[in-house]
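Raw contents of run_36.cif, mmCIF, C-alpha atoms:
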```
data_data
#
loop_
_atom_site.label_atom_id
_atom_site.label_comp_id
_atom_site.auth_asym_id
_atom_site.auth_seq_id
_atom_site.Cartn_x
_atom_site.Cartn_y
_atom_site.Cartn_z
CA MET F 1 233.25 -34.20 103.31
CA SER F 2 233.06 -37.06 105.76
CA GLY F 3 229.26 -37.43 105.60
CA ALA F 4 227.84 -34.84 107.91
CA THR F 5 225.45 -37.05 109.82
CA THR F 6 226.53 -40.64 109.28
CA ALA F 7 226.50 -42.90 112.26
CA ALA F 8 230.27 -43.34 112.31
CA TYR F 9 230.80 -39.57 112.29
CA LEU F 10 228.33 -39.08 115.10
CA ALA F 11 229.83 -41.93 117.09
CA ARG F 12 233.28 -40.45 116.72
CA ARG F 13 232.05 -37.00 117.71
CA ALA F 14 230.28 -38.45 120.75
CA ALA F 15 233.45 -40.27 121.81
CA GLN F 16 235.42 -37.05 121.41
CA LYS F 17 232.89 -35.13 123.45
CA GLU F 18 233.16 -37.66 126.22
CA ARG F 19 236.95 -37.41 126.17
CA VAL F 20 236.69 -33.64 126.36
CA ARG F 21 234.32 -33.81 129.32
CA ILE F 22 236.55 -36.22 131.22
CA LEU F 23 239.60 -34.13 130.43
CA TYR F 24 237.85 -30.98 131.66
CA ARG F 25 236.82 -32.76 134.85
CA ARG F 26 240.33 -33.98 135.58
CA ALA F 27 241.92 -30.66 134.74
CA LEU F 28 239.47 -28.85 137.01
CA LYS F 29 240.23 -31.20 139.89
CA ASP F 30 243.90 -30.68 139.28
CA LYS F 31 243.45 -26.92 139.47
CA LEU F 32 241.68 -27.43 142.77
CA ASN F 33 244.63 -29.45 144.02
CA TRP F 34 247.18 -26.87 143.01
CA ALA F 35 245.35 -23.75 144.19
CA VAL F 36 245.93 -23.39 147.92
CA HIS F 37 243.52 -20.49 148.34
CA ARG F 38 240.04 -20.65 146.99
CA HIS F 39 240.12 -17.36 145.09
CA LEU F 40 243.10 -18.65 143.10
CA PHE F 41 241.08 -21.70 142.17
CA TYR F 42 238.25 -19.57 140.83
CA GLN F 43 240.69 -17.63 138.68
CA ASP F 44 242.30 -20.82 137.36
CA ALA F 45 238.93 -22.38 136.67
CA SER F 46 237.86 -19.35 134.63
CA ASP F 47 241.05 -19.50 132.60
CA LEU F 48 240.60 -23.20 131.96
CA ARG F 49 237.04 -22.64 130.83
CA GLU F 50 238.18 -19.90 128.45
CA LYS F 51 240.69 -22.27 126.89
CA PHE F 52 238.03 -24.89 126.32
CA GLU F 53 235.51 -22.38 124.99
CA ALA F 54 237.99 -20.94 122.50
CA ASN F 55 238.12 -24.24 120.61
CA LYS F 56 234.44 -25.02 120.87
CA HIS F 57 233.56 -24.38 117.24
CA VAL F 58 236.13 -26.66 115.61
CA GLU F 59 234.46 -29.17 113.28
CA ASP F 60 237.24 -31.19 111.74
CA LEU F 61 237.58 -34.57 113.45
CA ASP F 62 241.35 -34.92 113.09
CA THR F 63 242.03 -31.44 114.44
CA ILE F 64 239.80 -32.19 117.38
CA ASP F 65 241.69 -35.42 118.04
CA LYS F 66 244.99 -33.63 117.95
CA MET F 67 243.73 -30.94 120.30
CA ILE F 68 242.42 -33.50 122.76
CA ALA F 69 245.75 -35.32 122.70
CA ALA F 70 247.59 -32.06 123.30
CA GLY F 71 245.24 -31.23 126.16
CA GLU F 72 245.78 -34.61 127.76
CA ALA F 73 249.54 -34.20 127.44
CA THR F 74 249.34 -30.82 129.16
CA TYR F 75 247.20 -32.33 131.90
CA ASP F 76 249.73 -35.13 132.43
CA LYS F 77 252.51 -32.62 132.63
CA TRP F 78 250.77 -30.52 135.28
CA ARG F 79 249.36 -33.25 137.50
CA HIS F 80 249.75 -32.58 141.21
CA PRO F 81 252.13 -35.04 142.95
CA ASP F 82 249.95 -35.31 146.06
CA PRO F 83 246.35 -34.80 145.06
CA TYR F 84 243.55 -34.56 147.57
CA ILE F 85 241.58 -37.79 147.53
CA VAL F 86 238.53 -38.34 149.69
CA PRO F 87 239.70 -40.63 152.56
CA TRP F 88 237.53 -43.64 151.79
CA ALA F 89 238.23 -43.59 148.06
CA PRO F 90 241.04 -45.65 146.47
CA GLY F 91 244.26 -43.83 147.21
CA GLY F 92 242.86 -42.09 150.27
CA SER F 93 244.03 -42.63 153.82
CA LYS F 94 241.01 -44.56 155.07
CA PHE F 95 240.73 -46.90 152.11
CA THR F 96 240.34 -50.52 153.31
CA ARG F 97 241.24 -49.40 156.80
CA ASN F 98 238.46 -51.27 158.58
CA PRO F 99 237.17 -53.86 156.17
CA VAL F 100 234.00 -55.71 156.99
CA PRO F 101 235.00 -58.92 158.82
CA PRO F 102 234.20 -62.09 156.90
CA SER F 103 230.81 -63.53 157.69
CA GLY F 104 230.64 -66.47 160.05
CA ILE F 105 233.20 -65.07 162.44
CA GLU F 106 231.82 -64.36 165.87
CA ILE F 107 233.41 -63.05 169.03
CA VAL F 108 232.51 -65.05 172.15
CA TYR F 109 232.41 -62.80 175.19
CA ASP F 110 233.24 -65.19 177.96
CA TYR F 111 235.91 -62.96 179.54
CA GLY F 112 238.28 -65.83 180.12
CA ARG F 113 235.82 -67.93 182.08
CA GLU F 114 236.92 -71.53 182.12
CA GLU F 115 234.68 -74.55 182.16
CA ASN F 116 235.55 -75.74 185.67
CA ASP F 117 234.40 -72.47 187.34
CA MET Z 1 207.18 -47.78 212.29
CA ALA Z 2 203.74 -46.74 211.23
CA LEU Z 3 204.81 -43.10 211.56
CA ARG Z 4 207.73 -43.79 209.30
CA ALA Z 5 205.51 -45.41 206.71
CA ALA Z 6 203.08 -42.51 206.92
CA VAL Z 7 205.86 -39.96 206.43
CA LEU Z 8 207.25 -41.90 203.49
CA ARG Z 9 203.85 -42.18 201.90
CA HIS Z 10 203.49 -38.45 202.19
CA ILE Z 11 206.85 -37.66 200.68
CA ARG Z 12 206.88 -40.29 197.98
CA LEU Z 13 206.23 -38.87 194.57
CA PRO Z 14 203.49 -40.43 192.49
CA VAL Z 15 204.82 -42.76 189.81
CA GLN Z 16 204.05 -41.64 186.29
CA THR Z 17 203.37 -44.39 183.83
CA LEU Z 18 205.76 -44.21 180.91
CA PRO Z 19 204.29 -43.93 177.45
CA ALA Z 20 203.77 -47.24 175.74
CA ALA Z 21 206.96 -48.64 174.33
CA GLY Z 22 207.37 -47.90 170.65
CA SER Z 23 205.00 -44.96 170.63
CA ARG Z 24 207.60 -42.40 169.58
CA PRO Z 25 210.54 -44.32 168.20
CA GLN Z 26 211.68 -41.59 165.85
CA SER Z 27 212.16 -38.88 168.46
CA GLN Z 28 214.01 -41.29 170.72
CA LEU Z 29 216.32 -42.20 167.89
CA SER Z 30 217.07 -38.56 167.22
CA PHE Z 31 218.79 -38.31 170.58
CA LEU Z 32 220.94 -41.35 169.99
CA ARG Z 33 224.50 -40.68 169.02
CA LEU Z 34 225.35 -43.07 166.25
CA PHE Z 35 228.99 -43.96 166.63
CA SER Z 36 229.40 -46.09 163.58
CA SER Z 37 230.33 -44.33 160.41
CA HIS Z 38 227.94 -46.45 158.39
CA ASP Z 39 224.65 -45.77 160.17
CA ASP Z 40 223.98 -42.11 159.61
CA HIS Z 41 222.67 -42.14 156.08
CA LEU Z 42 221.17 -38.94 154.80
CA THR Z 43 217.42 -38.66 154.47
CA LYS Z 44 216.00 -38.10 151.03
CA GLU Z 45 214.68 -34.63 151.87
CA GLU Z 46 218.07 -33.56 153.09
CA VAL Z 47 219.71 -34.82 149.92
CA ILE Z 48 217.14 -33.06 147.74
CA ASP Z 49 217.51 -29.79 149.67
CA ARG Z 50 221.26 -29.75 149.48
CA VAL Z 51 221.38 -30.73 145.81
CA LEU Z 52 218.92 -28.00 144.91
CA ASP Z 53 220.89 -25.45 146.93
CA VAL Z 54 224.05 -26.33 145.06
CA VAL Z 55 222.34 -26.11 141.69
CA LYS Z 56 220.64 -22.81 142.54
CA SER Z 57 223.88 -21.19 143.62
CA PHE Z 58 225.46 -21.91 140.23
CA PRO Z 59 225.92 -18.52 138.55
CA LYS Z 60 224.58 -19.54 135.15
CA VAL Z 61 221.37 -21.00 136.52
CA ASP Z 62 218.07 -19.25 137.09
CA PRO Z 63 217.09 -20.29 140.66
CA SER Z 64 213.35 -20.09 140.08
CA GLN Z 65 213.47 -22.83 137.45
CA VAL Z 66 215.22 -25.41 139.57
CA THR Z 67 213.06 -28.36 140.60
CA PRO Z 68 214.05 -31.87 141.62
CA ASP Z 69 213.22 -33.08 138.11
CA VAL Z 70 215.11 -30.58 136.07
CA HIS Z 71 217.57 -31.69 133.38
CA PHE Z 72 220.73 -29.61 133.33
CA GLN Z 73 221.18 -29.33 129.61
CA ASN Z 74 217.63 -29.54 128.31
CA ASP Z 75 215.73 -27.52 130.91
CA LEU Z 76 218.31 -25.16 132.34
CA GLY Z 77 220.10 -24.52 129.07
CA LEU Z 78 223.53 -25.40 130.38
CA ASP Z 79 226.57 -26.62 128.54
CA SER Z 80 228.17 -30.04 128.91
CA LEU Z 81 231.13 -28.36 130.61
CA ASP Z 82 228.68 -26.67 132.99
CA ASN Z 83 227.35 -30.13 133.72
CA VAL Z 84 230.87 -31.22 134.68
CA GLU Z 85 231.18 -28.20 136.95
CA ILE Z 86 227.89 -28.92 138.69
CA VAL Z 87 228.88 -32.54 139.31
CA MET Z 88 232.16 -31.34 140.79
CA ALA Z 89 230.29 -28.93 143.04
CA LEU Z 90 228.07 -31.80 144.21
CA GLU Z 91 231.16 -33.89 144.91
CA GLU Z 92 232.53 -31.11 147.07
CA GLU Z 93 229.24 -30.61 148.89
CA PHE Z 94 228.76 -34.27 149.81
CA LYS Z 95 232.45 -35.14 150.19
CA LEU Z 96 232.13 -37.88 147.59
CA GLU Z 97 234.51 -39.22 145.03
CA ILE Z 98 232.55 -40.14 141.92
CA PRO Z 99 234.42 -42.16 139.24
CA ASP Z 100 234.78 -40.40 135.91
CA LYS Z 101 232.49 -42.74 134.01
CA GLU Z 102 229.72 -42.37 136.55
CA ALA Z 103 230.11 -38.63 136.75
CA ASP Z 104 229.72 -38.37 133.01
CA LYS Z 105 226.29 -39.96 133.19
CA ILE Z 106 224.85 -37.59 135.78
CA ASP Z 107 222.77 -35.33 133.59
CA SER Z 108 219.82 -34.20 135.66
CA CYS Z 109 218.82 -33.46 139.23
CA ASN Z 110 216.98 -36.78 139.37
CA LEU Z 111 220.07 -38.80 138.61
CA ALA Z 112 222.17 -36.75 141.00
CA ILE Z 113 219.73 -37.22 143.88
CA GLU Z 114 219.42 -40.96 143.18
CA TYR Z 115 223.16 -41.44 143.03
CA ILE Z 116 223.89 -39.48 146.19
CA TYR Z 117 221.05 -41.06 148.13
CA ASN Z 118 222.19 -44.55 147.22
CA HIS Z 119 225.82 -43.84 147.98
CA PRO Z 120 226.72 -45.37 151.36
CA LEU Z 121 229.31 -42.78 152.27
CA ALA Z 122 227.56 -39.58 151.27
CA GLY Z 123 228.36 -36.87 153.81
#
```
Using structure tokens, write down the structure from this file.
Amino acid sequence: MSGATTAAYLARRAAQKERVRILYRRALKDKLNWAVHRHLFYQDASDLREKFEANKHVEDLDTIDKMIAAGEATYDKWRHPDPYIVPWAPGGSKFTRNPVPPSGIEIVYDYGREEND
Amino acid sequence: MALRAAVLRHIRLPVQTLPAAGSRPQSQLSFLRLFSSHDDHLTKEEVIDRVLDVVKSFPKVDPSQVTPDVHFQNDLGLDSLDNVEIVMALEEEFKLEIPDKEADKIDSCNLAIEYIYNHPLAG
């Protein structure tokens, strides 16, 4: 119908696959944020994987687009307000805490000695 | 005075010559506590070992097939979503935060080891 293997079709499918992968990654991290105990996370991760697997066989591009948009809306709705971010990453607590001092600056250790000593 | 010198000579321990400076730098460094958070980079063998451990403990993977060169989707027969899960497991193991675009490109053990080894803050 839309040219099974034309370049535009393949490009669109590849873009959709990338969106799906990034959505799965973010949703999985979100589940990790929400689940306080690890066994709950495993259960949530299995459920999430089931949801993604159930729609694996869909071929129609527009349906896939709609599903991805719905998935992203669900993800936005369920985002954790205080996600765990690695401390040195943007948004973490150690981000830009001790930046490298600009080059050319040097500390002179003279301990207050004055020239007339 | 001479008696004192004689007694001291008797008691004094022989001086042992230290090994030549720079003969065993590596073992001396291993006792140094590195206090800066930017000096203790992981060695490549450590990175490879830990990455392979993470990949082998993935339930859908056959541990005997895992080598440092293996491609997740081509050689191990995994799905793209499994790829995402493995990258997340690696992030948890090394306490990294990989941006989404970069994480999408990590497709094989090679790429994962290269990325983690070159990351300055890999734990």
Pairwise distance for atom CA of Z:Phe72 and atom CA of F:Ser46, rounded to one decimal in Å:
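Atom CA of Z:Phe72 sits 20.0 Å away from atom CA of F:Ser46.
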For chain Z, report every residue with an atom at most 8 Å from chain F (counting only C-alpha atoms), formatted as a PyMOL selection string.
chain Z and resi 80-81+84-85+88+95-97+100+104
What gap, in Å, lies between atom CA of Z:Leu76 and atom CA of Z:Glu114?
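Atom CA of Z:Glu114 lies at a distance of 19.2 Å from atom CA of Z:Leu76.
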Rounded to one decimal in Å, what is the spacing between atom CA of Z:Val70 and atom CA of Z:Ser108?
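Separation of atom CA of Z:Val70 and atom CA of Z:Ser108: 6.0 Å.
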Residues of stretch 42-82 of chain Z that have any atom at most 12 Å from an atom of stretch 118-122 of chain Z: could you tabulate them with the shortest-distance atom pair and the distance in Å to one decimal, using all atoms listed in the file, ordered by chain and increasing number, as CSV?
```
residue,atom,partner,partner_atom,distance
Z:Leu42,CA,Z:Ala122,CA,7.3
Z:Thr43,CA,Z:Asn118,CA,10.5
Z:Lys44,CA,Z:Asn118,CA,9.7
Z:Glu46,CA,Z:Ala122,CA,11.4
Z:Val47,CA,Z:Ala122,CA,9.3
Z:Arg50,CA,Z:Ala122,CA,11.8
```
Name the residues within 10 Å of (212.0, -32.6, 140.5), counting all atoms listed in the file in the file's coordinates, and put them as a PDB file with C-alpha atoms, in the frame of the given file.
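selection29.pdb, written as the output of this step:
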```pdb
ATOM      1  CA  ILE Z  48     217.140 -33.060 147.740  1.00  0.00           C
ATOM      2  CA  LEU Z  52     218.920 -28.000 144.910  1.00  0.00           C
ATOM      3  CA  VAL Z  66     215.220 -25.410 139.570  1.00  0.00           C
ATOM      4  CA  THR Z  67     213.060 -28.360 140.600  1.00  0.00           C
ATOM      5  CA  PRO Z  68     214.050 -31.870 141.620  1.00  0.00           C
ATOM      6  CA  ASP Z  69     213.220 -33.080 138.110  1.00  0.00           C
ATOM      7  CA  VAL Z  70     215.110 -30.580 136.070  1.00  0.00           C
ATOM      8  CA  HIS Z  71     217.570 -31.690 133.380  1.00  0.00           C
ATOM      9  CA  SER Z 108     219.820 -34.200 135.660  1.00  0.00           C
ATOM     10  CA  CYS Z 109     218.820 -33.460 139.230  1.00  0.00           C
ATOM     11  CA  ASN Z 110     216.980 -36.780 139.370  1.00  0.00           C
ATOM     12  CA  ILE Z 113     219.730 -37.220 143.880  1.00  0.00           C
TER      13      ILE Z 113
END
```
Would you pick out the contacts of F:Lys31 at 9 Å or less, using all atoms listed in the file, so that residues sharing its chain but fewer than 4 positions from it are not included, and give the list as a PyMOL selection string?
chain F and resi 26-27+35+41+44-45+48+79-80
Could you dump the residues just selected with C-alpha atoms as an mmCIF file, keeping the file's coordinate frame?
```
data_model
loop_
_atom_site.group_PDB
_atom_site.id
_atom_site.type_symbol
_atom_site.label_atom_id
_atom_site.label_comp_id
_atom_site.auth_asym_id
_atom_site.auth_seq_id
_atom_site.Cartn_x
_atom_site.Cartn_y
_atom_site.Cartn_z
ATOM 1 C CA ARG F 26 240.330 -33.980 135.580
ATOM 2 C CA ALA F 27 241.920 -30.660 134.740
ATOM 3 C CA ALA F 35 245.350 -23.750 144.190
ATOM 4 C CA PHE F 41 241.080 -21.700 142.170
ATOM 5 C CA ASP F 44 242.300 -20.820 137.360
ATOM 6 C CA ALA F 45 238.930 -22.380 136.670
ATOM 7 C CA LEU F 48 240.600 -23.200 131.960
ATOM 8 C CA ARG F 79 249.360 -33.250 137.500
ATOM 9 C CA HIS F 80 249.750 -32.580 141.210
#
```
Nearest candidate to Z:Ile98 (options Z:Asp82, Z:Lys56, Z:Tyr115, Z:Val61; using only C-alpha atoms):
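Under the stated criterion, the closest residue is Z:Tyr115.
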Need to verify the contact set: F:Ala69, 12 Å, all atoms listed in the file, exclusion of same-chain residues closer than 4 positions in sequence. Can you return it as number ranges by chain?
F: 16, 19-20, 23, 62-65, 73-76
